[in-house]
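This is target-v9.cif (mmCIF, C-alpha atoms).
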data_final
loop_
_atom_site.group_PDB
_atom_site.id
_atom_site.type_symbol
_atom_site.label_atom_id
_atom_site.label_comp_id
_atom_site.auth_asym_id
_atom_site.auth_seq_id
_atom_site.Cartn_x
_atom_site.Cartn_y
_atom_site.Cartn_z
ATOM 1 C CA MET A 1 -33.519 49.081 0.363
ATOM 2 C CA PHE A 2 -33.532 52.134 2.635
ATOM 3 C CA GLU A 3 -30.725 54.279 4.034
ATOM 4 C CA LEU A 4 -30.670 55.785 7.505
ATOM 5 C CA CYS A 5 -28.543 58.953 7.433
ATOM 6 C CA LEU A 6 -27.155 60.340 10.710
ATOM 7 C CA GLN A 7 -25.019 63.457 11.182
ATOM 8 C CA VAL A 8 -22.617 62.947 14.075
ATOM 9 C CA THR A 9 -19.513 64.341 15.716
ATOM 10 C CA GLN A 10 -16.239 62.614 14.931
ATOM 11 C CA GLU A 11 -15.629 61.074 18.362
ATOM 12 C CA VAL A 12 -18.561 58.655 18.068
ATOM 13 C CA VAL A 13 -18.295 57.650 14.401
ATOM 14 C CA GLU A 14 -16.609 54.318 15.081
ATOM 15 C CA LEU A 15 -18.851 53.427 18.039
ATOM 16 C CA LEU A 16 -21.998 54.340 16.099
ATOM 17 C CA SER A 17 -20.873 52.350 13.055
ATOM 18 C CA ASP A 18 -20.233 49.263 15.172
ATOM 19 C CA SER A 19 -23.591 49.684 16.933
ATOM 20 C CA LEU A 20 -25.486 49.948 13.652
ATOM 21 C CA MET A 21 -23.938 46.721 12.365
ATOM 22 C CA GLU A 22 -24.846 44.953 15.601
ATOM 23 C CA ILE A 23 -28.425 46.221 15.364
ATOM 24 C CA GLY A 24 -28.804 44.749 11.886
ATOM 25 C CA ALA A 25 -27.621 47.234 9.273
ATOM 26 C CA LEU A 26 -26.527 45.561 6.035
ATOM 27 C CA SER A 27 -23.676 48.018 5.602
ATOM 28 C CA VAL A 28 -22.374 51.280 7.047
ATOM 29 C CA SER A 29 -20.465 54.061 5.293
ATOM 30 C CA VAL A 30 -19.112 57.429 6.433
ATOM 31 C CA GLU A 31 -19.035 60.692 4.471
ATOM 32 C CA ASP A 32 -17.848 64.230 5.148
ATOM 33 C CA ALA A 33 -20.828 66.361 6.243
ATOM 34 C CA ASP A 34 -18.993 69.415 4.892
ATOM 35 C CA ALA A 35 -18.201 67.955 1.463
ATOM 36 C CA LEU A 36 -18.306 70.462 -1.405
ATOM 37 C CA THR A 37 -18.159 73.406 1.025
ATOM 38 C CA ASP A 38 -15.318 75.671 2.163
ATOM 39 C CA GLN A 39 -14.995 73.476 5.278
ATOM 40 C CA GLU A 40 -14.272 70.282 3.320
ATOM 41 C CA ARG A 41 -11.025 68.656 4.429
ATOM 42 C CA ALA A 42 -8.982 66.018 2.575
ATOM 43 C CA GLN A 43 -8.230 62.902 4.625
ATOM 44 C CA TYR A 44 -5.135 61.534 2.933
ATOM 45 C CA GLY A 45 -3.485 64.543 1.347
ATOM 46 C CA GLU A 46 -2.332 64.774 -2.251
ATOM 47 C CA PRO A 47 0.939 63.783 -3.935
ATOM 48 C CA GLY A 48 3.647 66.133 -2.747
ATOM 49 C CA MET A 49 1.558 67.406 0.185
ATOM 50 C CA PRO A 50 1.843 66.443 3.871
ATOM 51 C CA PRO A 51 -0.938 64.274 5.341
ATOM 52 C CA PRO A 52 -3.633 65.958 7.432
ATOM 53 C CA GLU A 53 -2.931 66.572 11.116
ATOM 54 C CA GLN A 54 -5.696 64.194 12.175
ATOM 55 C CA LEU A 55 -7.895 61.612 10.516
ATOM 56 C CA GLY A 56 -11.647 62.005 10.566
ATOM 57 C CA TRP A 57 -13.903 64.926 9.763
ATOM 58 C CA THR A 58 -15.268 67.407 12.289
ATOM 59 C CA ARG A 59 -18.787 66.426 11.249
ATOM 60 C CA SER A 60 -19.581 63.148 9.554
ATOM 61 C CA ILE A 61 -22.627 61.584 7.973
ATOM 62 C CA VAL A 62 -22.998 57.911 8.862
ATOM 63 C CA ILE A 63 -25.176 56.024 6.371
ATOM 64 C CA ALA A 64 -26.647 52.639 7.321
ATOM 65 C CA LEU A 65 -28.401 50.400 4.803
ATOM 66 C CA PHE A 66 -31.513 48.412 5.812
ATOM 67 C CA GLU A 67 -33.766 46.000 3.954
ATOM 68 C CA ASP A 68 -36.993 47.919 4.692
ATOM 69 C CA GLU A 69 -38.153 51.398 5.681
ATOM 70 C CA GLN A 70 -39.631 50.340 9.013
ATOM 71 C CA SER A 71 -36.340 48.930 10.282
ATOM 72 C CA ALA A 72 -34.477 52.081 9.274
ATOM 73 C CA MET A 73 -37.086 54.322 10.942
ATOM 74 C CA GLU A 74 -37.122 52.317 14.167
ATOM 75 C CA VAL A 75 -33.356 52.351 14.520
ATOM 76 C CA GLY A 76 -33.197 56.079 13.743
ATOM 77 C CA ASN A 77 -35.890 56.927 16.296
ATOM 78 C CA TRP A 78 -34.253 54.810 18.992
ATOM 79 C CA LEU A 79 -30.836 56.396 18.400
ATOM 80 C CA ILE A 80 -32.226 59.925 18.530
ATOM 81 C CA GLU A 81 -34.596 59.455 21.482
ATOM 82 C CA GLN A 82 -33.154 56.777 23.767
ATOM 83 C CA SER A 83 -29.592 55.788 23.000
ATOM 84 C CA ASP A 84 -26.479 56.954 24.844
ATOM 85 C CA LEU A 85 -25.314 58.448 21.534
ATOM 86 C CA ALA A 86 -28.307 60.770 21.187
ATOM 87 C CA GLU A 87 -26.453 63.902 22.312
ATOM 88 C CA HIS A 88 -23.951 63.428 19.459
ATOM 89 C CA LEU A 89 -26.614 63.043 16.723
ATOM 90 C CA SER A 90 -28.052 66.136 15.076
ATOM 91 C CA VAL A 91 -29.808 64.820 11.964
ATOM 92 C CA SER A 92 -31.736 61.651 11.229
ATOM 93 C CA LYS A 93 -33.539 60.873 8.004
ATOM 94 C CA VAL A 94 -34.512 57.818 5.996
ATOM 95 C CA ARG A 95 -34.425 57.679 2.216
ATOM 96 C CA ALA A 96 -35.171 55.011 -0.344
ATOM 97 C CA VAL A 97 -32.302 53.620 -2.387
ATOM 98 C CA PRO A 98 -33.190 53.617 -6.111
ATOM 99 C CA GLU A 99 -33.233 50.218 -7.774
ATOM 100 C CA GLN A 100 -30.109 49.827 -9.879
ATOM 101 C CA ASP A 101 -28.218 47.228 -11.783
ATOM 102 C CA TRP A 102 -25.233 47.302 -9.435
ATOM 103 C CA VAL A 103 -23.093 45.036 -11.595
ATOM 104 C CA ARG A 104 -23.590 47.262 -14.631
ATOM 105 C CA LEU A 105 -23.059 50.388 -12.528
ATOM 106 C CA THR A 106 -19.781 49.055 -11.137
ATOM 107 C CA GLN A 107 -18.588 47.995 -14.562
ATOM 108 C CA SER A 108 -19.365 51.416 -16.005
ATOM 109 C CA GLN A 109 -16.713 52.942 -13.719
ATOM 110 C CA PHE A 110 -13.917 50.972 -15.396
ATOM 111 C CA ASP A 111 -13.223 51.885 -18.998
ATOM 112 C CA PRO A 112 -10.359 50.642 -21.185
ATOM 113 C CA VAL A 113 -7.039 52.249 -20.229
ATOM 114 C CA GLU A 114 -4.698 53.458 -22.963
ATOM 115 C CA ILE A 115 -1.021 52.850 -22.247
ATOM 116 C CA THR A 116 0.079 53.667 -25.801
ATOM 117 C CA PRO A 117 -2.119 54.009 -28.909
ATOM 118 C CA GLU A 118 -1.493 50.285 -29.547
ATOM 119 C CA PHE A 119 -1.327 48.953 -25.978
ATOM 120 C CA TRP A 120 -4.513 48.880 -23.864
ATOM 121 C CA ILE A 121 -5.790 47.381 -20.612
ATOM 122 C CA VAL A 122 -9.394 46.340 -21.245
ATOM 123 C CA PRO A 123 -11.982 44.922 -18.791
ATOM 124 C CA THR A 124 -13.539 41.701 -20.033
ATOM 125 C CA TRP A 125 -16.975 43.282 -20.542
ATOM 126 C CA HIS A 126 -15.677 45.973 -22.939
ATOM 127 C CA GLU A 127 -15.141 45.836 -26.672
ATOM 128 C CA LEU A 128 -11.558 46.310 -27.805
ATOM 129 C CA PRO A 129 -10.697 49.903 -28.731
ATOM 130 C CA ARG A 130 -9.922 50.611 -32.353
ATOM 131 C CA GLY A 131 -6.196 50.331 -33.055
ATOM 132 C CA ALA A 132 -5.475 48.157 -29.997
ATOM 133 C CA SER A 133 -2.963 45.576 -31.207
ATOM 134 C CA LYS A 134 -1.588 44.623 -27.785
ATOM 135 C CA VAL A 135 -4.248 44.011 -25.141
ATOM 136 C CA LEU A 136 -4.414 42.728 -21.597
ATOM 137 C CA ARG A 137 -7.850 41.709 -20.340
ATOM 138 C CA LEU A 138 -8.065 42.636 -16.666
ATOM 139 C CA ASP A 139 -10.988 43.235 -14.311
ATOM 140 C CA PRO A 140 -10.818 45.064 -10.962
ATOM 141 C CA GLY A 141 -9.946 42.694 -8.119
ATOM 142 C CA LEU A 142 -8.408 42.452 -4.663
ATOM 143 C CA ALA A 143 -4.811 42.918 -5.836
ATOM 144 C CA PHE A 144 -3.366 46.306 -6.812
ATOM 145 C CA GLY A 145 -2.918 47.002 -10.514
ATOM 146 C CA THR A 146 -5.635 47.644 -13.098
ATOM 147 C CA GLY A 147 -3.708 50.134 -15.221
ATOM 148 C CA THR A 148 -5.562 53.187 -13.930
ATOM 149 C CA HIS A 149 -3.022 54.316 -11.319
ATOM 150 C CA PRO A 150 -0.243 56.624 -12.595
ATOM 151 C CA THR A 151 2.522 54.356 -11.267
ATOM 152 C CA THR A 152 1.157 51.334 -13.140
ATOM 153 C CA LYS A 153 0.658 53.339 -16.318
ATOM 154 C CA MET A 154 4.239 54.600 -16.244
ATOM 155 C CA CYS A 155 5.669 51.118 -15.685
ATOM 156 C CA LEU A 156 3.674 49.704 -18.582
ATOM 157 C CA ARG A 157 4.656 52.655 -20.751
ATOM 158 C CA TRP A 158 8.305 51.942 -19.958
ATOM 159 C CA ILE A 159 7.867 48.284 -20.911
ATOM 160 C CA ALA A 160 6.274 49.289 -24.221
ATOM 161 C CA LYS A 161 9.208 51.621 -24.980
ATOM 162 C CA HIS A 162 11.806 49.043 -23.910
ATOM 163 C CA PRO A 163 10.423 45.655 -25.000
ATOM 164 C CA PRO A 164 12.179 42.866 -23.036
ATOM 165 C CA LEU A 165 12.507 40.608 -26.067
ATOM 166 C CA ASN A 166 13.794 37.168 -25.076
ATOM 167 C CA LYS A 167 14.806 38.527 -21.669
ATOM 168 C CA ARG A 168 14.373 37.282 -18.126
ATOM 169 C CA VAL A 169 12.210 39.637 -16.063
ATOM 170 C CA LEU A 170 11.437 39.954 -12.343
ATOM 171 C CA ASP A 171 8.231 41.655 -11.187
ATOM 172 C CA TYR A 172 8.765 42.230 -7.455
ATOM 173 C CA GLY A 173 5.511 43.046 -5.649
ATOM 174 C CA CYS A 174 3.411 41.789 -8.531
ATOM 175 C CA GLY A 175 -0.104 42.573 -7.200
ATOM 176 C CA SER A 176 -2.498 41.645 -9.982
ATOM 177 C CA GLY A 177 0.410 40.579 -12.202
ATOM 178 C CA ILE A 178 -0.169 43.413 -14.645
ATOM 179 C CA LEU A 179 3.515 44.320 -15.065
ATOM 180 C CA ALA A 180 4.500 40.686 -15.420
ATOM 181 C CA MET A 181 1.852 40.259 -18.112
ATOM 182 C CA GLY A 182 2.983 43.435 -19.838
ATOM 183 C CA ALA A 183 6.547 42.113 -19.948
ATOM 184 C CA ALA A 184 5.365 38.756 -21.313
ATOM 185 C CA LEU A 185 3.189 40.489 -23.899
ATOM 186 C CA TYR A 186 6.232 42.430 -25.092
ATOM 187 C CA GLY A 187 8.384 39.376 -25.628
ATOM 188 C CA ALA A 188 9.979 38.349 -22.335
ATOM 189 C CA SER A 189 11.070 34.720 -22.384
ATOM 190 C CA VAL A 190 10.536 34.172 -18.635
ATOM 191 C CA VAL A 191 8.858 36.352 -15.998
ATOM 192 C CA ASP A 192 9.079 35.647 -12.278
ATOM 193 C CA ALA A 193 6.283 37.490 -10.443
ATOM 194 C CA VAL A 194 6.560 37.555 -6.650
ATOM 195 C CA ASP A 195 4.610 39.138 -3.801
ATOM 196 C CA ILE A 196 4.427 38.808 -0.009
ATOM 197 C CA ASP A 197 0.626 38.496 -0.314
ATOM 198 C CA SER A 198 -0.570 35.013 -1.297
ATOM 199 C CA ALA A 199 -3.821 36.542 -2.625
ATOM 200 C CA ALA A 200 -1.758 38.624 -5.057
ATOM 201 C CA VAL A 201 0.104 35.498 -6.170
ATOM 202 C CA SER A 202 -3.200 33.739 -6.842
ATOM 203 C CA SER A 203 -4.500 36.794 -8.688
ATOM 204 C CA THR A 204 -1.409 36.869 -10.890
ATOM 205 C CA VAL A 205 -1.772 33.180 -11.740
ATOM 206 C CA GLU A 206 -5.441 33.615 -12.675
ATOM 207 C CA ASN A 207 -4.882 36.769 -14.713
ATOM 208 C CA ALA A 208 -1.911 35.295 -16.565
ATOM 209 C CA ARG A 209 -3.916 32.196 -17.410
ATOM 210 C CA ALA A 210 -6.863 34.293 -18.606
ATOM 211 C CA ASN A 211 -4.550 36.184 -20.963
ATOM 212 C CA GLN A 212 -2.902 33.008 -22.298
ATOM 213 C CA LEU A 213 0.401 34.043 -20.697
ATOM 214 C CA GLY A 214 0.513 31.417 -17.975
ATOM 215 C CA GLU A 215 3.358 29.457 -19.541
ATOM 216 C CA LEU A 216 5.648 32.494 -19.464
ATOM 217 C CA ILE A 217 4.862 33.722 -15.938
ATOM 218 C CA GLN A 218 5.871 31.946 -12.749
ATOM 219 C CA ALA A 219 4.181 33.472 -9.687
ATOM 220 C CA GLY A 220 5.139 32.861 -6.067
ATOM 221 C CA LEU A 221 6.243 34.326 -2.756
ATOM 222 C CA PRO A 222 9.454 36.415 -2.701
ATOM 223 C CA ASP A 223 11.778 33.420 -2.289
ATOM 224 C CA ALA A 224 10.666 32.309 -5.763
ATOM 225 C CA ALA A 225 12.877 35.058 -7.213
ATOM 226 C CA VAL A 226 16.084 33.200 -7.984
ATOM 227 C CA GLY A 227 19.266 34.341 -9.684
ATOM 228 C CA VAL A 228 19.728 37.427 -11.829
ATOM 229 C CA TYR A 229 17.494 39.078 -14.411
ATOM 230 C CA ASP A 230 17.748 41.343 -17.449
ATOM 231 C CA THR A 231 14.947 43.573 -16.109
ATOM 232 C CA VAL A 232 13.796 44.114 -12.522
ATOM 233 C CA LEU A 233 10.447 45.850 -12.004
ATOM 234 C CA ALA A 234 9.113 47.003 -8.631
ATOM 235 C CA ASN A 235 5.982 49.130 -8.272
ATOM 236 C CA ILE A 236 5.576 49.330 -4.505
ATOM 237 C CA LEU A 237 6.164 52.451 -2.361
ATOM 238 C CA ALA A 238 9.239 54.522 -1.574
ATOM 239 C CA SER A 239 9.857 53.198 1.959
ATOM 240 C CA PRO A 240 9.949 49.474 1.093
ATOM 241 C CA LEU A 241 11.863 50.254 -2.100
ATOM 242 C CA LYS A 242 14.629 51.823 -0.007
ATOM 243 C CA VAL A 243 14.783 48.784 2.275
ATOM 244 C CA LEU A 244 14.805 46.450 -0.726
ATOM 245 C CA ALA A 245 17.693 48.221 -2.478
ATOM 246 C CA PRO A 246 20.365 45.541 -1.839
ATOM 247 C CA LEU A 247 17.952 42.708 -2.626
ATOM 248 C CA LEU A 248 16.673 44.176 -5.914
ATOM 249 C CA ALA A 249 20.166 45.217 -6.985
ATOM 250 C CA GLY A 250 21.361 41.702 -6.217
ATOM 251 C CA HIS A 251 18.899 40.314 -8.772
ATOM 252 C CA MET A 252 20.332 42.454 -11.595
ATOM 253 C CA LYS A 253 22.750 40.906 -14.057
ATOM 254 C CA PRO A 254 25.468 43.190 -15.515
ATOM 255 C CA GLY A 255 23.808 45.773 -17.732
ATOM 256 C CA ALA A 256 20.325 44.957 -16.435
ATOM 257 C CA SER A 257 17.555 47.547 -16.202
ATOM 258 C CA LEU A 258 15.968 48.472 -12.879
ATOM 259 C CA VAL A 259 12.544 50.154 -12.961
ATOM 260 C CA LEU A 260 11.023 51.532 -9.738
ATOM 261 C CA ALA A 261 7.606 53.123 -9.138
ATOM 262 C CA GLY A 262 5.300 54.056 -6.283
ATOM 263 C CA ILE A 263 7.462 57.124 -5.663
ATOM 264 C CA LEU A 264 6.301 60.711 -5.149
ATOM 265 C CA GLU A 265 8.243 63.517 -6.821
ATOM 266 C CA ARG A 266 9.569 64.765 -3.469
ATOM 267 C CA GLN A 267 11.017 61.311 -2.676
ATOM 268 C CA ALA A 268 13.377 61.100 -5.659
ATOM 269 C CA GLN A 269 16.538 62.050 -3.783
ATOM 270 C CA GLU A 270 15.859 59.480 -1.053
ATOM 271 C CA LEU A 271 15.750 56.708 -3.644
ATOM 272 C CA ILE A 272 18.824 57.981 -5.477
ATOM 273 C CA GLN A 273 20.768 57.875 -2.217
ATOM 274 C CA ALA A 274 19.490 54.424 -1.215
ATOM 275 C CA TYR A 275 20.519 52.879 -4.549
ATOM 276 C CA SER A 276 23.761 54.826 -5.055
ATOM 277 C CA PRO A 277 25.998 51.929 -3.877
ATOM 278 C CA TYR A 278 24.561 49.740 -6.641
ATOM 279 C CA CYS A 279 23.480 51.893 -9.605
ATOM 280 C CA LYS A 280 22.679 55.428 -10.699
ATOM 281 C CA LEU A 281 18.933 56.019 -10.514
ATOM 282 C CA SER A 282 17.279 58.838 -12.433
ATOM 283 C CA VAL A 283 13.744 60.030 -13.074
ATOM 284 C CA VAL A 284 12.547 58.885 -16.496
ATOM 285 C CA ASP A 285 8.821 59.653 -16.344
ATOM 286 C CA ALA A 286 6.321 61.623 -14.263
ATOM 287 C CA LEU A 287 2.543 61.626 -14.015
ATOM 288 C CA ASP A 288 0.147 63.315 -11.562
ATOM 289 C CA GLY A 289 2.751 63.865 -8.852
ATOM 290 C CA TRP A 290 4.265 60.376 -9.162
ATOM 291 C CA ILE A 291 7.578 59.514 -10.802
ATOM 292 C CA LEU A 292 9.182 56.522 -12.478
ATOM 293 C CA MET A 293 12.872 55.905 -11.785
ATOM 294 C CA SER A 294 15.240 53.714 -13.720
ATOM 295 C CA ALA A 295 18.875 52.665 -13.782
ATOM 296 C CA GLN A 296 21.237 50.156 -15.357
ATOM 297 C CA SER A 297 23.650 48.016 -13.408
ATOM 298 C CA PRO A 298 27.350 48.318 -14.280
ATOM 299 C CA LYS A 299 28.434 45.971 -17.096
#

Any chance you could put this one into structure tokens?
Amino acid sequence: MFELCLQVTQEVVELLSDSLMEIGALSVSVEDADALTDQERAQYGEPGMPPPEQLGWTRSIVIALFEDEQSAMEVGNWLIEQSDLAEHLSVSKVRAVPEQDWVRLTQSQFDPVEITPEFWIVPTWHELPRGASKVLRLDPGLAFGTGTHPTTKMCLRWIAKHPPLNKRVLDYGCGSGILAMGAALYGASVVDAVDIDSAAVSSTVENARANQLGELIQAGLPDAAVGVYDTVLANILASPLKVLAPLLAGHMKPGASLVLAGILERQAQELIQAYSPYCKLSVVDALDGWILMSAQSPK
């Protein structure tokens, strides 16, 4: 495999990327030409910081993958010498892509995740860590939730500290089903896992089955959440959590626990206000700019 690397101005990145795919590139990626310099600019901001004024870098490197060197060279020469985009291109070079075991390389990026010293999330290709007595086997997939994100870690940590023994649990916005499986692993009698994304529902079913928890977890679209629960979990984002306040509160039985995540530190007061008619939310955990909020419904 060979990569054609082109430095371009931001206004033609999308057009160039589309053109490369039409010409026959196997894939196209875009990188910041000023990465690791004083001119580097974040695209999506950081927790607690406002987003950038505009998306896209001032100078980008567009990288197109081709099967052979000749194809990459021909496309690069045509773009530089004859195409309508030539005036926007300042660098063109072709480089060989080293042979790699891509499966092994991808797997190496996902190590076991410690939730507590006893509770771990472990990809199927890894050995179990020493001392892991409670384990969920979970590989990266299309649905959100592998245990690496701070919001997921905090939710699982809460479950480990507050085991839902013989309780009915709702995981709203289940993604991969990781919170539902955590609740089942810690003794829940029934877990309803719901999501608006049918792919997430399928992922939850498969992951629950793979962890021998399928009999305890019922996955479906949101209308599958019926009645009231002892624990309601929702790891989504602040905006939908505010909209869902009456719905989630309506699924809480008297004295039930509500656990919310996907919230930045600066958004705490917004959530407290949105849920104030139903319960008294407070921050119970924080990690890397994200917070976990919890409350109990009146008994």

Exercise for the section: Output the residue selection produced by the PyMOL selection byres ((chain A and resi 257-264) around 9) on the file above, formatted as JSON, numbers by chain. Expected result: {"A": [47, 48, 150, 151, 152, 154, 155, 158, 229, 230, 231, 232, 233, 234, 235, 236, 237, 238, 239, 241, 248, 249, 252, 253, 255, 256, 265, 266, 267, 268, 271, 279, 281, 289, 290, 291, 292, 293, 294, 295, 296, 297]}

Distance cut-off 10 Å, centre (-2.3, 40.3, -28.7) in file coordinates, counting all atoms listed in the file: which residues qualify? Return them as a compact mmCIF listing (two decimals) with C-alpha atoms, keeping the file's coordinate frame.
# COMPACT_ATOMS: atom_id res chain seq x y z
CA PHE A 119 -1.33 48.95 -25.98
CA ALA A 132 -5.48 48.16 -30.00
CA SER A 133 -2.96 45.58 -31.21
CA LYS A 134 -1.59 44.62 -27.78
CA VAL A 135 -4.25 44.01 -25.14
CA LEU A 136 -4.41 42.73 -21.60
CA LEU A 185 3.19 40.49 -23.90
CA TYR A 186 6.23 42.43 -25.09
CA ASN A 211 -4.55 36.18 -20.96
CA GLN A 212 -2.90 33.01 -22.30

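As for CA of Asp171 (chain A) and CA of Ala193 (chain A), they are spaced 4.7 Å apart.
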
Exercise for the section: Enumerate, as number ranges by chain, the protein, DNA and RNA residues whose atoms approach (-4.6, 48.5, -28.7) to within 12 Å, taking into account only C-alpha atoms and the coordinate frame of the file. Expected result: A: 112-122, 127-137, 160

Excluding same-chain residues fewer than 2 positions from region 196-208 of chain A, what lies within 10 Å of it counting only C-alpha atoms, as a tab-separated table (two decimals) with C-alpha atoms, keeping the file's coordinate frame?
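Everything below was put into out.tsv:
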chain	number	residue	atom	x	y	z
A	136	LEU	CA	-4.41	42.73	-21.60
A	137	ARG	CA	-7.85	41.71	-20.34
A	138	LEU	CA	-8.06	42.64	-16.67
A	139	ASP	CA	-10.99	43.24	-14.31
A	141	GLY	CA	-9.95	42.69	-8.12
A	142	LEU	CA	-8.41	42.45	-4.66
A	143	ALA	CA	-4.81	42.92	-5.84
A	144	PHE	CA	-3.37	46.31	-6.81
A	172	TYR	CA	8.76	42.23	-7.46
A	173	GLY	CA	5.51	43.05	-5.65
A	174	CYS	CA	3.41	41.79	-8.53
A	175	GLY	CA	-0.10	42.57	-7.20
A	176	SER	CA	-2.50	41.64	-9.98
A	177	GLY	CA	0.41	40.58	-12.20
A	178	ILE	CA	-0.17	43.41	-14.64
A	179	LEU	CA	3.52	44.32	-15.06
A	180	ALA	CA	4.50	40.69	-15.42
A	181	MET	CA	1.85	40.26	-18.11
A	184	ALA	CA	5.36	38.76	-21.31
A	193	ALA	CA	6.28	37.49	-10.44
A	194	VAL	CA	6.56	37.56	-6.65
A	210	ALA	CA	-6.86	34.29	-18.61
A	211	ASN	CA	-4.55	36.18	-20.96
A	212	GLN	CA	-2.90	33.01	-22.30
A	213	LEU	CA	0.40	34.04	-20.70
A	214	GLY	CA	0.51	31.42	-17.98
A	215	GLU	CA	3.36	29.46	-19.54
A	216	LEU	CA	5.65	32.49	-19.46
A	217	ILE	CA	4.86	33.72	-15.94
A	218	GLN	CA	5.87	31.95	-12.75
A	219	ALA	CA	4.18	33.47	-9.69
A	220	GLY	CA	5.14	32.86	-6.07
A	221	LEU	CA	6.24	34.33	-2.76
A	222	PRO	CA	9.45	36.42	-2.70
A	223	ASP	CA	11.78	33.42	-2.29

Problem - Separation of CA of Ala72 (chain A) from CA of Lys93 (chain A) in Å - result: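 About the pair CA of Lys93 (chain A) and CA of Ala72 (chain A): they are 8.9 Å apart.
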
To test the calculation: enclose all listed atoms of region 255-268 of chain A in a box whose edges run along x, y and z, add 4 Å on each side, then state centre and edge lengths in Å to one decimal, as lines of an AutoDock Vina configuration file.
center_x = 14.6
center_y = 54.9
center_z = -10.2
size_x = 26.5
size_y = 27.8
size_z = 23.1

Practice task
Tell me which of A:Gly182, A:Tyr278, A:Leu20, A:Leu170 sits closest to Val228 (chain A), counting only C-alpha atoms.
Solution key: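 When distances to Val228 (chain A) are compared using only C-alpha atoms, the smallest one comes from A:Leu170.
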
Exercise for the section: Return the single residue from A:Gln269, A:Glu31, A:Pro164, A:Lys280 that is closest to Thr58 (chain A), with distances computed using all atoms listed in the file. Expected result: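 Nearest candidate to Thr58 (chain A) out of A:Gln269, A:Glu31, A:Pro164, A:Lys280: A:Glu31.
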
Handout entry: Selection near region 79-92 of chain A, 7 Å with only C-alpha atoms, sequence-local residues under 6 positions removed, as JSON, numbers by chain
Key = {"A": [5, 6, 7, 8, 9]}

Exercise for the section: Pull out every residue that the PyMOL selection byres ((chain A and resi 165) around 7) matches in the shown coordinates and put them as a PyMOL selection string. Expected result: chain A and resi 163-164+166-167+186-188

Find the residues near region 60-69 of chain A: any atom within 12 Å, counting all atoms listed in the file, skip ones fewer than 2 places away on the same chain, and give them as a compact mmCIF listing (two decimals) with C-alpha atoms, keeping the file's coordinate frame.
# COMPACT_ATOMS: atom_id res chain seq x y z
CA MET A 1 -33.52 49.08 0.36
CA PHE A 2 -33.53 52.13 2.64
CA GLU A 3 -30.72 54.28 4.03
CA LEU A 4 -30.67 55.78 7.50
CA CYS A 5 -28.54 58.95 7.43
CA LEU A 6 -27.16 60.34 10.71
CA GLN A 7 -25.02 63.46 11.18
CA VAL A 8 -22.62 62.95 14.08
CA THR A 9 -19.51 64.34 15.72
CA GLN A 10 -16.24 62.61 14.93
CA GLU A 11 -15.63 61.07 18.36
CA VAL A 12 -18.56 58.66 18.07
CA VAL A 13 -18.30 57.65 14.40
CA GLU A 14 -16.61 54.32 15.08
CA LEU A 15 -18.85 53.43 18.04
CA LEU A 16 -22.00 54.34 16.10
CA SER A 17 -20.87 52.35 13.06
CA ASP A 18 -20.23 49.26 15.17
CA SER A 19 -23.59 49.68 16.93
CA LEU A 20 -25.49 49.95 13.65
CA MET A 21 -23.94 46.72 12.36
CA GLU A 22 -24.85 44.95 15.60
CA ILE A 23 -28.42 46.22 15.36
CA GLY A 24 -28.80 44.75 11.89
CA ALA A 25 -27.62 47.23 9.27
CA LEU A 26 -26.53 45.56 6.04
CA SER A 27 -23.68 48.02 5.60
CA VAL A 28 -22.37 51.28 7.05
CA SER A 29 -20.46 54.06 5.29
CA VAL A 30 -19.11 57.43 6.43
CA GLU A 31 -19.04 60.69 4.47
CA ASP A 32 -17.85 64.23 5.15
CA ALA A 33 -20.83 66.36 6.24
CA ASP A 34 -18.99 69.42 4.89
CA ALA A 35 -18.20 67.96 1.46
CA GLU A 40 -14.27 70.28 3.32
CA ARG A 41 -11.02 68.66 4.43
CA LEU A 55 -7.90 61.61 10.52
CA GLY A 56 -11.65 62.00 10.57
CA TRP A 57 -13.90 64.93 9.76
CA THR A 58 -15.27 67.41 12.29
CA SER A 71 -36.34 48.93 10.28
CA ALA A 72 -34.48 52.08 9.27
CA MET A 73 -37.09 54.32 10.94
CA GLU A 74 -37.12 52.32 14.17
CA VAL A 75 -33.36 52.35 14.52
CA GLY A 76 -33.20 56.08 13.74
CA HIS A 88 -23.95 63.43 19.46
CA LEU A 89 -26.61 63.04 16.72
CA SER A 90 -28.05 66.14 15.08
CA VAL A 91 -29.81 64.82 11.96
CA SER A 92 -31.74 61.65 11.23
CA LYS A 93 -33.54 60.87 8.00
CA VAL A 94 -34.51 57.82 6.00
CA ARG A 95 -34.42 57.68 2.22
CA ALA A 96 -35.17 55.01 -0.34
CA VAL A 97 -32.30 53.62 -2.39

Handout entry: Closest of A:Arg209, A:His251, A:Arg157, A:His162 to Gly227 (chain A) - atom-to-atom distances counting only C-alpha atoms
Key = A:His251

Exercise for the section: Return the single residue from A:Asp111, A:Glu270, A:Asp288, A:Glu99 that is closest to Pro123 (chain A), with distances computed using only C-alpha atoms. Expected result: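 When distances to Pro123 (chain A) are compared using only C-alpha atoms, the smallest one comes from A:Asp111.
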
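Using all atoms listed in the file, the smallest distance between any of A:Lys153, A:Gln273, A:His126, A:Asp195 and Ala286 (chain A) comes from A:Lys153.
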
Practice task
Grab the CA of Val226 (chain A) to CA of Gly250 (chain A) distance for me, in Å with one decimal place.
Solution key: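 Straight-line distance from CA of Val226 (chain A) to CA of Gly250 (chain A) works out to 10.2 Å.
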